[in-house]
Every structure is written in C-alpha cells, then in structure tokens.
$ cat run-v7.cif   # mmCIF, C-alpha atoms
data_final
#
loop_
_atom_site.label_atom_id
_atom_site.label_comp_id
_atom_site.auth_asym_id
_atom_site.auth_seq_id
_atom_site.Cartn_x
_atom_site.Cartn_y
_atom_site.Cartn_z
CA MET K 7 53.60 133.41 88.61
CA THR K 8 52.20 129.92 89.11
CA THR K 9 51.11 127.03 86.90
CA VAL K 10 47.45 126.07 87.26
CA VAL K 11 44.92 123.89 85.48
CA LYS K 12 41.95 125.91 84.25
CA GLY K 13 38.62 124.63 83.00
CA ILE K 14 37.53 126.26 79.74
CA LYS K 15 34.20 125.52 78.06
CA LEU K 16 33.58 126.18 74.36
CA ARG K 17 30.56 125.73 72.13
CA LEU K 18 30.89 123.14 69.35
CA TYR K 19 29.31 123.34 65.88
CA PRO K 20 29.71 119.83 64.39
CA ASN K 21 28.53 118.93 60.90
CA GLN K 22 26.10 116.06 60.35
CA ALA K 23 28.83 113.43 59.89
CA GLN K 24 30.52 114.58 63.10
CA ILE K 25 27.19 114.54 64.95
CA ASN K 26 26.65 110.92 63.92
CA LEU K 27 30.16 110.01 65.07
CA LEU K 28 29.74 111.85 68.39
CA TRP K 29 26.60 109.89 69.19
CA GLN K 30 28.47 106.69 68.40
CA LEU K 31 31.21 107.76 70.84
CA PHE K 32 28.63 108.66 73.50
CA GLY K 33 27.09 105.22 73.04
CA ASN K 34 30.46 103.43 73.25
CA ASP K 35 31.31 105.04 76.58
CA ARG K 36 27.84 104.25 77.90
CA PHE K 37 28.12 100.64 76.66
CA VAL K 38 31.45 100.05 78.42
CA TRP K 39 30.17 101.60 81.66
CA ASN K 40 27.01 99.46 81.67
CA HIS K 41 28.92 96.30 80.66
CA MET K 42 31.52 96.67 83.43
CA LEU K 43 28.87 97.58 86.00
CA ALA K 44 26.73 94.56 85.06
CA MET K 45 29.81 92.34 85.32
CA ALA K 46 30.62 93.67 88.81
CA ASN K 47 27.02 93.20 89.95
CA GLN K 48 26.88 89.65 88.58
CA ARG K 49 30.20 88.78 90.21
CA TYR K 50 28.93 89.99 93.59
CA GLU K 51 25.61 88.11 93.24
CA ASN K 52 27.41 84.85 92.46
CA ASN K 53 29.88 85.23 95.32
CA PRO K 54 29.44 88.12 97.80
CA ALA K 55 32.90 87.40 99.24
CA SER K 56 34.65 87.80 95.86
CA ARG K 57 37.29 90.49 95.33
CA PHE K 58 36.16 93.63 93.50
CA VAL K 59 37.53 93.89 89.95
CA GLY K 60 39.59 97.08 90.11
CA GLU K 61 40.52 99.64 87.48
CA TYR K 62 43.59 97.73 86.26
CA ASP K 63 41.60 94.52 85.74
CA MET K 64 38.82 96.37 83.90
CA ASN K 65 41.41 97.93 81.58
CA TYR K 66 42.79 94.43 80.88
CA LEU K 67 39.29 93.34 79.82
CA LEU K 68 38.97 96.10 77.22
CA LYS K 69 41.01 94.24 74.58
CA PRO K 70 38.78 91.12 74.41
CA LEU K 71 35.73 93.40 74.64
CA LYS K 72 36.85 95.29 71.52
CA GLN K 73 37.35 92.00 69.70
CA GLU K 74 33.82 90.91 70.60
CA TYR K 75 32.29 94.33 69.81
CA PRO K 76 34.29 95.91 66.94
CA PHE K 77 32.35 99.20 67.09
CA LEU K 78 34.29 100.06 70.27
CA LYS K 79 37.39 100.55 68.09
CA LEU K 80 35.80 103.76 66.77
CA SER K 81 36.42 105.39 70.18
CA ASP K 82 39.59 107.07 71.33
CA ALA K 83 41.28 104.37 73.46
CA THR K 84 41.85 106.83 76.32
CA SER K 85 38.10 107.54 76.62
CA LEU K 86 37.37 103.91 77.54
CA LEU K 87 40.14 104.03 80.15
CA VAL K 88 38.49 107.14 81.61
CA VAL K 89 35.18 105.24 81.84
CA ASN K 90 36.85 102.46 83.84
CA HIS K 91 38.58 104.99 86.08
CA ASN K 92 35.29 106.77 86.82
CA LEU K 93 33.51 103.50 87.58
CA ALA K 94 36.32 102.37 89.91
CA LEU K 95 36.14 105.77 91.62
CA ALA K 96 32.37 105.42 92.04
CA TYR K 97 32.83 102.04 93.72
CA GLN K 98 35.59 103.46 95.92
CA ASN K 99 33.19 106.19 97.10
CA LEU K 100 30.57 103.50 97.75
CA PHE K 101 32.95 101.40 99.86
CA GLN K 102 33.99 104.48 101.85
CA HIS K 103 30.31 105.49 102.41
CA ARG K 104 30.68 108.70 100.43
CA GLY K 105 28.10 107.88 97.77
CA GLY K 106 25.44 105.47 96.56
CA HIS K 107 25.74 102.44 94.30
CA PRO K 108 26.72 103.27 90.68
CA ARG K 109 23.74 103.29 88.30
CA PHE K 110 23.35 102.16 84.73
CA LYS K 111 23.38 104.93 82.11
CA SER K 112 20.51 105.43 79.67
CA ARG K 113 20.56 106.56 76.06
CA ARG K 114 17.45 108.61 76.89
CA SER K 115 19.31 110.72 79.44
CA ALA K 116 19.16 114.49 78.80
CA LYS K 117 22.95 114.76 78.98
CA GLN K 118 25.42 112.58 77.09
CA SER K 119 29.20 112.99 77.34
CA TYR K 120 32.50 111.60 76.14
CA THR K 121 35.92 112.22 77.77
CA GLY K 122 39.36 111.70 76.27
CA GLN K 123 42.96 112.33 77.28
CA SER K 124 44.64 112.23 73.87
CA ILE K 125 46.28 115.28 72.34
CA CYS K 126 43.90 117.85 70.86
CA THR K 127 45.20 121.01 69.24
CA VAL K 128 44.03 124.46 68.15
CA GLU K 129 43.91 124.65 64.36
CA ALA K 130 42.59 128.18 63.92
CA LYS K 131 40.75 130.95 65.74
CA ARG K 132 37.52 128.93 65.76
CA ARG K 133 38.70 125.40 65.07
CA LEU K 134 40.01 122.46 67.10
CA LYS K 135 41.46 119.17 65.92
CA LEU K 136 40.17 116.27 68.03
CA PRO K 137 41.15 112.57 67.96
CA LYS K 138 38.78 110.40 65.86
CA ILE K 139 36.64 113.45 65.03
CA GLY K 140 39.11 115.61 63.12
CA SER K 141 38.75 119.35 62.56
CA ILE K 142 35.63 120.77 64.20
CA ARG K 143 34.24 124.31 64.37
CA THR K 144 34.05 125.92 67.84
CA SER K 145 33.50 129.25 69.53
CA LYS K 146 36.55 131.49 70.13
CA THR K 147 39.72 129.59 71.06
CA GLY K 148 41.80 132.64 72.06
CA ARG K 149 41.94 131.54 75.72
CA LEU K 150 43.76 128.36 74.67
CA ALA K 151 46.66 130.16 72.97
CA ASN K 152 49.21 129.91 75.79
CA GLY K 153 48.03 126.70 77.44
CA LYS K 154 48.53 122.96 77.13
CA ILE K 155 45.34 120.90 76.83
CA LYS K 156 45.43 117.97 79.26
CA ARG K 157 41.94 116.52 78.91
CA TYR K 158 38.71 117.20 77.04
CA THR K 159 35.03 116.30 77.51
CA ILE K 160 32.45 116.65 74.75
CA SER K 161 28.85 116.87 75.92
CA HIS K 162 25.35 117.22 74.57
CA ASP K 163 22.81 118.70 77.00
CA ALA K 164 19.05 119.15 77.23
CA THR K 165 19.21 122.35 75.17
CA GLY K 166 20.32 120.35 72.12
CA ARG K 167 23.73 122.07 71.98
CA TYR K 168 27.20 120.54 71.91
CA TYR K 169 30.02 121.75 74.17
CA ILE K 170 33.64 120.85 74.83
CA SER K 171 35.12 121.32 78.31
CA LEU K 172 38.92 121.51 78.35
CA GLN K 173 41.40 121.17 81.20
CA VAL K 174 44.19 123.55 80.21
CA GLU K 175 47.53 123.87 81.98
CA THR K 176 48.58 127.52 81.90
CA GLU K 177 50.53 130.13 83.84
CA VAL K 178 48.87 132.93 85.82
CA HIS K 179 50.43 136.01 87.40
CA HIS K 180 49.78 136.85 91.06
CA LEU K 181 47.75 140.00 91.66
CA PRO K 182 49.42 142.95 93.44
CA LYS K 183 49.04 143.08 97.23
CA THR K 184 46.58 145.60 98.70
CA ASN K 185 47.10 144.89 102.45
CA GLN K 186 43.33 144.75 102.88
CA LYS K 187 41.38 142.13 104.86
CA ILE K 188 37.66 141.37 104.84
CA GLY K 189 35.15 139.09 106.57
CA LEU K 190 32.09 137.83 104.67
CA ASP K 191 28.78 136.69 106.12
CA LEU K 192 26.64 134.74 103.64
CA GLY K 193 22.94 135.45 103.61
CA VAL K 194 19.67 134.83 101.78
CA SER K 195 18.29 138.29 101.02
CA ASP K 196 21.87 139.42 100.26
CA LEU K 197 24.43 136.95 98.96
CA ALA K 198 27.28 138.33 101.08
CA ILE K 199 27.72 141.09 103.64
CA ASP K 200 31.25 142.24 104.40
CA SER K 201 32.73 143.55 107.63
CA ASN K 202 32.89 147.09 106.16
CA GLY K 203 29.09 147.15 105.87
CA VAL K 204 28.86 146.59 102.10
CA LYS K 205 26.06 144.25 101.01
CA TYR K 206 26.29 142.26 97.77
CA GLY K 207 22.86 141.26 96.49
CA THR K 208 21.84 137.81 95.31
CA PHE K 209 21.46 137.04 91.63
CA ASN K 210 18.05 138.14 90.37
CA ALA K 211 16.50 137.34 86.98
CA LYS K 212 12.77 137.72 87.60
CA TRP K 213 11.73 137.87 83.94
CA LEU K 214 13.71 134.79 82.98
CA LYS K 215 12.44 132.87 86.01
CA LYS K 216 8.84 133.74 85.13
CA GLN K 217 9.44 132.55 81.56
CA ALA K 218 10.98 129.31 82.84
CA GLN K 219 8.00 128.76 85.16
CA ARG K 220 5.59 129.43 82.29
CA TRP K 221 7.35 126.89 80.09
CA GLN K 222 7.48 124.42 82.97
CA ALA K 223 3.68 124.61 83.20
CA LYS K 224 3.36 124.23 79.42
CA PHE K 225 5.84 121.35 79.46
CA SER K 226 3.85 119.54 82.17
CA ARG K 227 0.57 120.11 80.30
CA ARG K 228 1.98 118.83 77.00
CA ARG K 229 3.57 115.87 78.72
CA HIS K 230 0.15 114.90 80.14
CA GLN K 231 -1.51 115.35 76.72
CA ALA K 232 1.19 113.28 75.01
CA THR K 233 0.92 110.54 77.65
CA VAL K 234 -2.87 110.29 77.17
CA ALA K 235 -2.50 110.27 73.36
CA MET K 236 0.24 107.62 73.60
CA HIS K 237 -1.96 105.33 75.71
CA GLN K 238 -4.87 105.77 73.28
CA TRP K 239 -2.66 105.07 70.24
CA ASN K 240 -1.14 101.95 71.77
CA HIS K 241 -4.61 100.74 72.77
CA HIS K 242 -5.99 101.00 69.22
CA HIS K 243 -2.82 99.93 67.33
CA LYS K 244 -1.83 96.68 68.94
CA LEU K 245 1.04 95.93 66.55
CA LEU K 246 2.73 99.35 66.90
CA LYS K 247 3.98 101.09 70.01
CA MET K 248 4.63 104.82 70.40
CA GLU K 249 6.92 106.39 72.97
CA LEU K 250 6.60 109.71 74.77
CA ASN K 251 9.59 111.10 72.82
CA ASP K 252 7.67 110.58 69.55
CA TYR K 253 5.48 113.66 70.23
CA GLN K 254 7.04 116.79 68.74
CA ASN K 255 5.00 119.32 70.75
CA TRP K 256 6.29 117.77 73.95
CA GLN K 257 9.86 117.75 72.58
CA ARG K 258 9.67 121.46 71.66
CA ALA K 259 8.30 122.43 75.09
CA LYS K 260 11.02 120.37 76.78
CA MET K 261 13.76 122.05 74.69
CA THR K 262 12.47 125.59 75.31
CA LYS K 263 12.22 125.02 79.06
CA ALA K 264 15.77 123.63 79.15
CA ARG K 265 17.13 126.66 77.29
CA TYR K 266 15.51 129.12 79.70
CA GLN K 267 16.93 127.19 82.64
CA ALA K 268 20.40 127.10 81.02
CA LYS K 269 20.26 130.87 80.43
CA ILE K 270 19.42 131.50 84.10
CA ALA K 271 22.28 129.21 85.22
CA ASN K 272 24.75 130.96 82.86
CA GLN K 273 23.76 134.43 84.06
CA ARG K 274 24.05 133.35 87.71
CA LYS K 275 27.52 131.92 87.07
CA ASP K 276 28.59 135.10 85.27
CA TYR K 277 27.41 137.21 88.24
CA LEU K 278 29.34 135.05 90.72
CA HIS K 279 32.51 135.16 88.58
CA LYS K 280 32.45 138.97 88.43
CA LEU K 281 31.80 139.32 92.16
CA THR K 282 34.47 136.83 93.29
CA THR K 283 37.07 138.28 90.91
CA ALA K 284 36.40 141.79 92.26
CA LEU K 285 36.80 140.56 95.86
CA VAL K 286 40.06 138.72 95.11
CA ARG K 287 41.48 141.79 93.37
CA LYS K 288 40.59 144.09 96.26
CA TYR K 289 41.53 142.01 99.33
CA ASP K 290 44.59 139.99 100.34
CA VAL K 291 42.81 138.02 103.09
CA ILE K 292 39.19 136.91 102.78
CA VAL K 293 37.50 135.15 105.72
CA ILE K 294 34.20 133.30 105.23
CA GLU K 295 32.04 131.10 107.45
CA ASP K 296 31.88 127.34 107.09
CA LEU K 297 28.22 126.77 106.24
CA LYS K 298 26.88 123.22 105.78
CA THR K 299 24.76 123.99 102.72
CA LYS K 300 23.50 120.42 102.34
CA ASN K 301 22.12 120.46 105.89
CA LEU K 302 20.56 123.91 105.50
CA MET K 303 18.74 122.77 102.35
CA HIS K 304 16.55 120.56 104.59
CA ASN K 305 14.81 123.77 105.73
CA HIS K 306 12.00 123.91 103.16
CA HIS K 307 11.29 127.58 103.90
CA LEU K 308 14.81 128.60 102.86
CA ALA K 309 15.89 125.86 100.43
CA LYS K 310 14.84 127.72 97.27
CA ALA K 311 16.53 130.97 98.34
CA ILE K 312 19.72 129.12 99.37
CA ALA K 313 19.83 127.28 96.03
CA ASN K 314 19.45 130.58 94.15
CA ALA K 315 22.23 132.19 96.22
CA SER K 316 24.64 129.37 95.26
CA TRP K 317 26.78 129.57 98.41
CA TYR K 318 28.78 126.47 97.51
CA GLN K 319 29.62 127.78 94.03
CA PHE K 320 30.55 131.18 95.51
CA ARG K 321 32.93 129.53 97.99
CA THR K 322 34.46 127.25 95.34
CA MET K 323 35.21 130.20 93.07
CA LEU K 324 36.83 132.12 95.92
CA GLU K 325 38.98 129.10 96.80
CA TYR K 326 40.54 128.52 93.42
CA LYS K 327 40.87 132.21 92.53
CA CYS K 328 42.70 132.95 95.80
CA ASP K 329 44.97 129.99 95.04
CA TRP K 330 45.63 131.21 91.50
CA TYR K 331 46.32 134.85 92.29
CA GLY K 332 48.32 134.55 95.52
CA LYS K 333 45.61 135.64 97.96
CA GLN K 334 44.50 133.92 101.19
CA LEU K 335 41.06 132.47 101.89
CA MET K 336 40.22 131.38 105.43
CA VAL K 337 37.18 129.36 106.51
CA VAL K 338 36.06 129.68 110.15
CA SER K 339 33.23 128.23 112.23
CA ALA K 340 29.88 130.00 111.94
CA LYS K 341 28.96 129.17 115.54
CA ASN K 342 27.51 132.15 117.48
CA THR K 343 28.69 134.75 114.95
CA SER K 344 25.23 136.36 115.02
CA ARG K 345 24.94 136.20 118.84
CA ILE K 346 28.26 137.71 119.95
CA CYS K 347 28.66 141.48 120.13
CA SER K 348 31.58 142.49 117.91
CA ALA K 349 32.30 145.47 120.18
CA CYS K 350 32.58 143.83 123.61
CA GLY K 351 32.41 140.07 122.92
CA HIS K 352 29.26 139.44 124.99
CA ASN K 353 27.08 136.52 123.87
CA ASP K 354 23.59 138.01 123.80
CA GLY K 355 21.74 134.76 123.15
CA ALA K 356 19.87 133.23 120.23
CA LYS K 357 18.01 135.48 117.82
CA PRO K 358 15.41 134.34 115.26
CA LEU K 359 16.04 135.15 111.60
CA ALA K 360 13.27 137.76 111.72
CA ILE K 361 15.46 139.96 113.98
CA ARG K 362 17.73 141.93 111.61
CA GLU K 363 18.98 144.51 114.14
CA TRP K 364 19.65 144.28 117.88
CA THR K 365 21.29 146.15 120.76
CA CYS K 366 23.89 144.54 123.02
CA SER K 367 22.58 144.21 126.57
CA GLU K 368 26.12 144.62 127.94
CA CYS K 369 27.59 147.65 126.12
CA GLN K 370 24.42 149.01 124.44
CA THR K 371 26.01 148.95 120.96
CA HIS K 372 23.39 148.79 118.20
CA HIS K 373 24.15 146.18 115.53
CA ASP K 374 23.02 145.22 112.09
CA ARG K 375 22.79 141.43 112.44
CA ASP K 376 24.69 140.58 109.22
CA ILE K 377 27.42 143.23 109.50
CA ASN K 378 28.07 142.23 113.12
CA ALA K 379 28.42 138.58 112.04
CA ALA K 380 30.85 139.58 109.26
CA VAL K 381 33.03 141.50 111.77
CA ASN K 382 33.08 138.46 114.09
CA ILE K 383 34.03 136.21 111.18
CA LEU K 384 36.95 138.51 110.30
CA LYS K 385 38.13 138.58 113.93
CA ARG K 386 38.08 134.78 114.12
CA GLY K 387 40.13 134.50 110.95
CA LEU K 388 42.73 137.01 112.15
CA LYS K 389 42.90 135.32 115.55
CA ALA K 390 43.55 131.94 113.87
CA THR K 391 46.51 133.42 111.99
CA GLY K 392 47.87 135.17 115.06
#
$ encode --input "run-v7.cif" --output "structure tokens"
Amino acid sequence: MTTVVKGIKLRLYPNQAQINLLWQLFGNDRFVWNHMLAMANQRYENNPASRFVGEYDMNYLLKPLKQEYPFLKLSDATSLLVVNHNLALAYQNLFQHRGGHPRFKSRRSAKQSYTGQSICTVEAKRRLKLPKIGSIRTSKTGRLANGKIKRYTISHDATGRYYISLQVETEVHHLPKTNQKIGLDLGVSDLAIDSNGVKYGTFNAKWLKKQAQRWQAKFSRRRHQATVAMHQWNHHHKLLKMELNDYQNWQRAKMTKARYQAKIANQRKDYLHKLTTALVRKYDVIVIEDLKTKNLMHNHHLAKAIANASWYQFRTMLEYKCDWYGKQLMVVSAKNTSRICSACGHNDGAKPLAIREWTCSECQTHHDRDINAAVNILKRGLKATG
C-alpha cells in the first residue's frame, strides 16, 4: 500500500447565482495575473537591470491591491496566492529557457479557470461544499470517499460546461506480481506492438471525426458570414459597434464543434486508460522506447497520426500507474531498434517506413519490423537492469 495524489475530475451543475459568482472569481484571478505581469513588464522597461519581483514580494502586494480593488475580497485568498505562484513559475521557466514570455489573459478566452487550496468537503453523494461558493451540485463523488482533498480547480471550457478538478491524497494497494516482462514498440498504424507479437490498435472514432470536420466547415463558413455582416453593420451604424461574439449562429456552431472535439478527446482518454491499466495488471516490468514526440511532430506526413496516437499521454499514464501499483517502467533508447536483428544482433542497416517485414542478411531470420523492434527494446531494458 502506498499514498498517492490522484487527479479526479467531476462535472459541476451551478445555479445562476453560483454561475455569476464563478465568473467573478475567474475575473479576479485573471485581473491579478494581468496586473502583476504588467507591473513586472513596466519594471523591466524602466530599468532592465532591476531585480525580478519574486513570488514572496507579489504576495506582499496583494493586501494593498485588495484595498484598492475591493472586489478581490470576494475570492478565496489562497486562489490569488496560486496565481502569483504560477506567474513566478512561468518567469522561472523563461529565465531557464524552458518556455516563452508569460502572456496576458483575456476574458474572451475559451477556457476560464480558478484554483484554490482551501478545505473543500463532500456534503452528499452529488454535492460538494466549496469556499466562497457554498454547496454546489456535482456528478458522483464516490471516488472522494476515502481521500483528502488537497487542491481544487474550477473551469469553464469551450463546450459551455463547468468542471472541478481535484487533487486527492489517497491510499492504493499494490497489484499482485505476475513475473511477466514485456517490451513495447510505439507505432502509427498500431499504437503499441509488444514483444510477444500482440498489436494494440490506435484509437479510432471515424464517425465522430467526420462530424467534427463537418462542424468545423460550418463553423468557418458562419464565422466568415458573421464577419462580413459585422463589417456592414459597423459601416452603416457609426455610433454602435458589434462584435463577432454577438452573432448567435456563429456561437451555436462554435459550441457544437467544441462538444464534438471534447467527446473525441474523452473517448481517446478512456481507451488509453483501459489499455494502460490492462498492461500494468498483466506485467511486472514494462519497457518502452524514448521517443521525442515534439521532434517527430515536425514530420508533416505523420504529425496528424502521431497526435491521434497520443504517445506522450500513453507514456504518462504508464509512468504513474506503474508507480501507484508497484510495477516497473523502463525507458530505453530507440536507436537502431528497427535495424538490429533480435535473433543474432546483426545491424542490417536503415529501412524506410514502407518496409514492414525484412529478412536478416546474416542469419536469414524473417522479421516483422515492429515485433522485432519490441523484442530489442525488451532486451535493452533487461540488460540495463542486469
């Protein structure tokens, strides 16, 4: 048994008063972020050699800021501290060349969020009690029964729905040992191929993808129509000004497209969860290749297929599930795994992706390209552990 922090996401069903308050809280977090960012930018412009105002100093500035803008007192105090922490972290990544310059946040952004660290509790099967918001209706809270909530984030996305993401500290039991080991080669036509010759297909939702593409085309068409109508309106009505968001047809198309895309993403995540859980249950040692997904995405012929396969998400799920359930995940170099014969170890040279099967010129063993790579990956992992 081990103590872990799990992420649990629930749907929220706020009433109208709670919706109004949530948007005020979203706005307060956005206001503090933009205010602190503008202050940092101004300070640098006035004196490039000046010391960066760190997280502690930004927290010290919150008190006079609340006095100047009383509406900030409506927020949970911990949420404003989280905003400062995230901004300081963004600057730290900038200074260490791990990210770009922090950007200002817009109220027109498709996603709005609010994070707090105060105590929130389960009131009933479908109810949570949150600071400043009070009792709010949710989807099932059964998964929270034996855990301690450490942090919560309320969000509103492009689908128009409200969600709460919770970091819950809970205990998990290790899975029984099976004494089985496996090597996995990640692919495009198949998500993963194991060293036993089993191929796990990529997520496929053709109907949903066609619907999303259809609504993307309709969304683009209605956006163009609304833009033309907006320009005409503003030309003839000099004293009034309409915005793109004022056109309801465009808003409806945008919402429908977002919901199709969210459904595809949810189904893909569900598929990956089921597959990774099955692998962790079955094998004690799992060896995968270290693929640089970001670099591979530069290949425009494969980028779409790689994005659909979600290699990074697959690897992340395997990592934390192995950690939770007492299994071992090993990551080895992918160099030459498709070139080396798994039977005799001979490097048979480079092979284009179009070649799916080949015969070793040294020992004449016939190989399936992906299965051979998976066997080599497993051997490298076992060799690394002795």
$ atom_distance --input "run-v7.cif" --atom1 "CA of Arg345 in chain K" --atom2 "CA of Leu297 in chain K"
16.1 Å
$ resolve_selection --input "run-v7.cif" --expression "the PyMOL selection byres ((chain K and resi 125-127) around 12)" --output "mmCIF file with C-alpha atoms, in the coordinates of the input"
data_model
loop_
_atom_site.group_PDB
_atom_site.id
_atom_site.type_symbol
_atom_site.label_atom_id
_atom_site.label_comp_id
_atom_site.auth_asym_id
_atom_site.auth_seq_id
_atom_site.Cartn_x
_atom_site.Cartn_y
_atom_site.Cartn_z
ATOM 1 C CA ASP K 82 39.590 107.070 71.330
ATOM 2 C CA THR K 84 41.850 106.830 76.320
ATOM 3 C CA THR K 121 35.920 112.220 77.770
ATOM 4 C CA GLY K 122 39.360 111.700 76.270
ATOM 5 C CA GLN K 123 42.960 112.330 77.280
ATOM 6 C CA SER K 124 44.640 112.230 73.870
ATOM 7 C CA VAL K 128 44.030 124.460 68.150
ATOM 8 C CA GLU K 129 43.910 124.650 64.360
ATOM 9 C CA ALA K 130 42.590 128.180 63.920
ATOM 10 C CA LYS K 131 40.750 130.950 65.740
ATOM 11 C CA ARG K 132 37.520 128.930 65.760
ATOM 12 C CA ARG K 133 38.700 125.400 65.070
ATOM 13 C CA LEU K 134 40.010 122.460 67.100
ATOM 14 C CA LYS K 135 41.460 119.170 65.920
ATOM 15 C CA LEU K 136 40.170 116.270 68.030
ATOM 16 C CA PRO K 137 41.150 112.570 67.960
ATOM 17 C CA LYS K 138 38.780 110.400 65.860
ATOM 18 C CA ILE K 139 36.640 113.450 65.030
ATOM 19 C CA GLY K 140 39.110 115.610 63.120
ATOM 20 C CA SER K 141 38.750 119.350 62.560
ATOM 21 C CA ILE K 142 35.630 120.770 64.200
ATOM 22 C CA THR K 147 39.720 129.590 71.060
ATOM 23 C CA LEU K 150 43.760 128.360 74.670
ATOM 24 C CA ALA K 151 46.660 130.160 72.970
ATOM 25 C CA ASN K 152 49.210 129.910 75.790
ATOM 26 C CA GLY K 153 48.030 126.700 77.440
ATOM 27 C CA LYS K 154 48.530 122.960 77.130
ATOM 28 C CA ILE K 155 45.340 120.900 76.830
ATOM 29 C CA LYS K 156 45.430 117.970 79.260
ATOM 30 C CA ARG K 157 41.940 116.520 78.910
ATOM 31 C CA TYR K 158 38.710 117.200 77.040
ATOM 32 C CA THR K 159 35.030 116.300 77.510
ATOM 33 C CA ILE K 170 33.640 120.850 74.830
ATOM 34 C CA LEU K 172 38.920 121.510 78.350
ATOM 35 C CA GLN K 173 41.400 121.170 81.200
ATOM 36 C CA VAL K 174 44.190 123.550 80.210
#
$ residues_near_point --input "run-v7.cif" --point "(33.3, 139.8, 112.8)" --cutoff "12 Å" --atoms "only C-alpha atoms" --output "VMD selection string"
chain K and resid 187 to 191 199 to 203 292 to 295 338 to 351 373 to 389
$ closest_residue --input "run-v7.cif" --among "K:His279, K:His179, K:Lys288, K:Arg143" --to "Leu324 in chain K" --atoms "only C-alpha atoms"
K:His279
$ atom_distance --input "run-v7.cif" --atom1 "CA of Thr283 in chain K" --atom2 "CA of Met323 in chain K"
8.6 Å
$ atom_distance --input "run-v7.cif" --atom1 "CA of Gly166 in chain K" --atom2 "CA of Arg149 in chain K"
24.6 Å
$ residues_near_point --input "run-v7.cif" --point "(26.2, 95.7, 92.2)" --cutoff "12 Å" --atoms "all atoms listed in the file" --output "number ranges by chain"
K: 40-54, 58-59, 93, 96-97, 100-101, 106-110
$ closest_atom_pairs --input "run-v7.cif" --of "range 84-175 of chain K" --to "range 267-271 of chain K" --cutoff "10 Å" --atoms "all atoms listed in the file" --output "tab-separated table"
residue	atom	partner	partner_atom	distance
K:Asp163	CA	K:Ala268	CA	9.6
K:Ala164	CA	K:Ala268	CA	8.9
K:Thr165	CA	K:Ala268	CA	7.6
$ residues_around --input "run-v7.cif" --residues "Tyr206 in chain K" --least-positions-apart "4" --cutoff "7 Å" --atoms "all atoms listed in the file" --output "JSON, numbers by chain"
{"K": [196, 197, 198, 199]}
$ closest_residue --input "run-v7.cif" --among "K:Asn34, K:Asn353, K:Asn90, K:Gln102" --to "Pro76 in chain K" --atoms "all atoms listed in the file"
K:Asn34
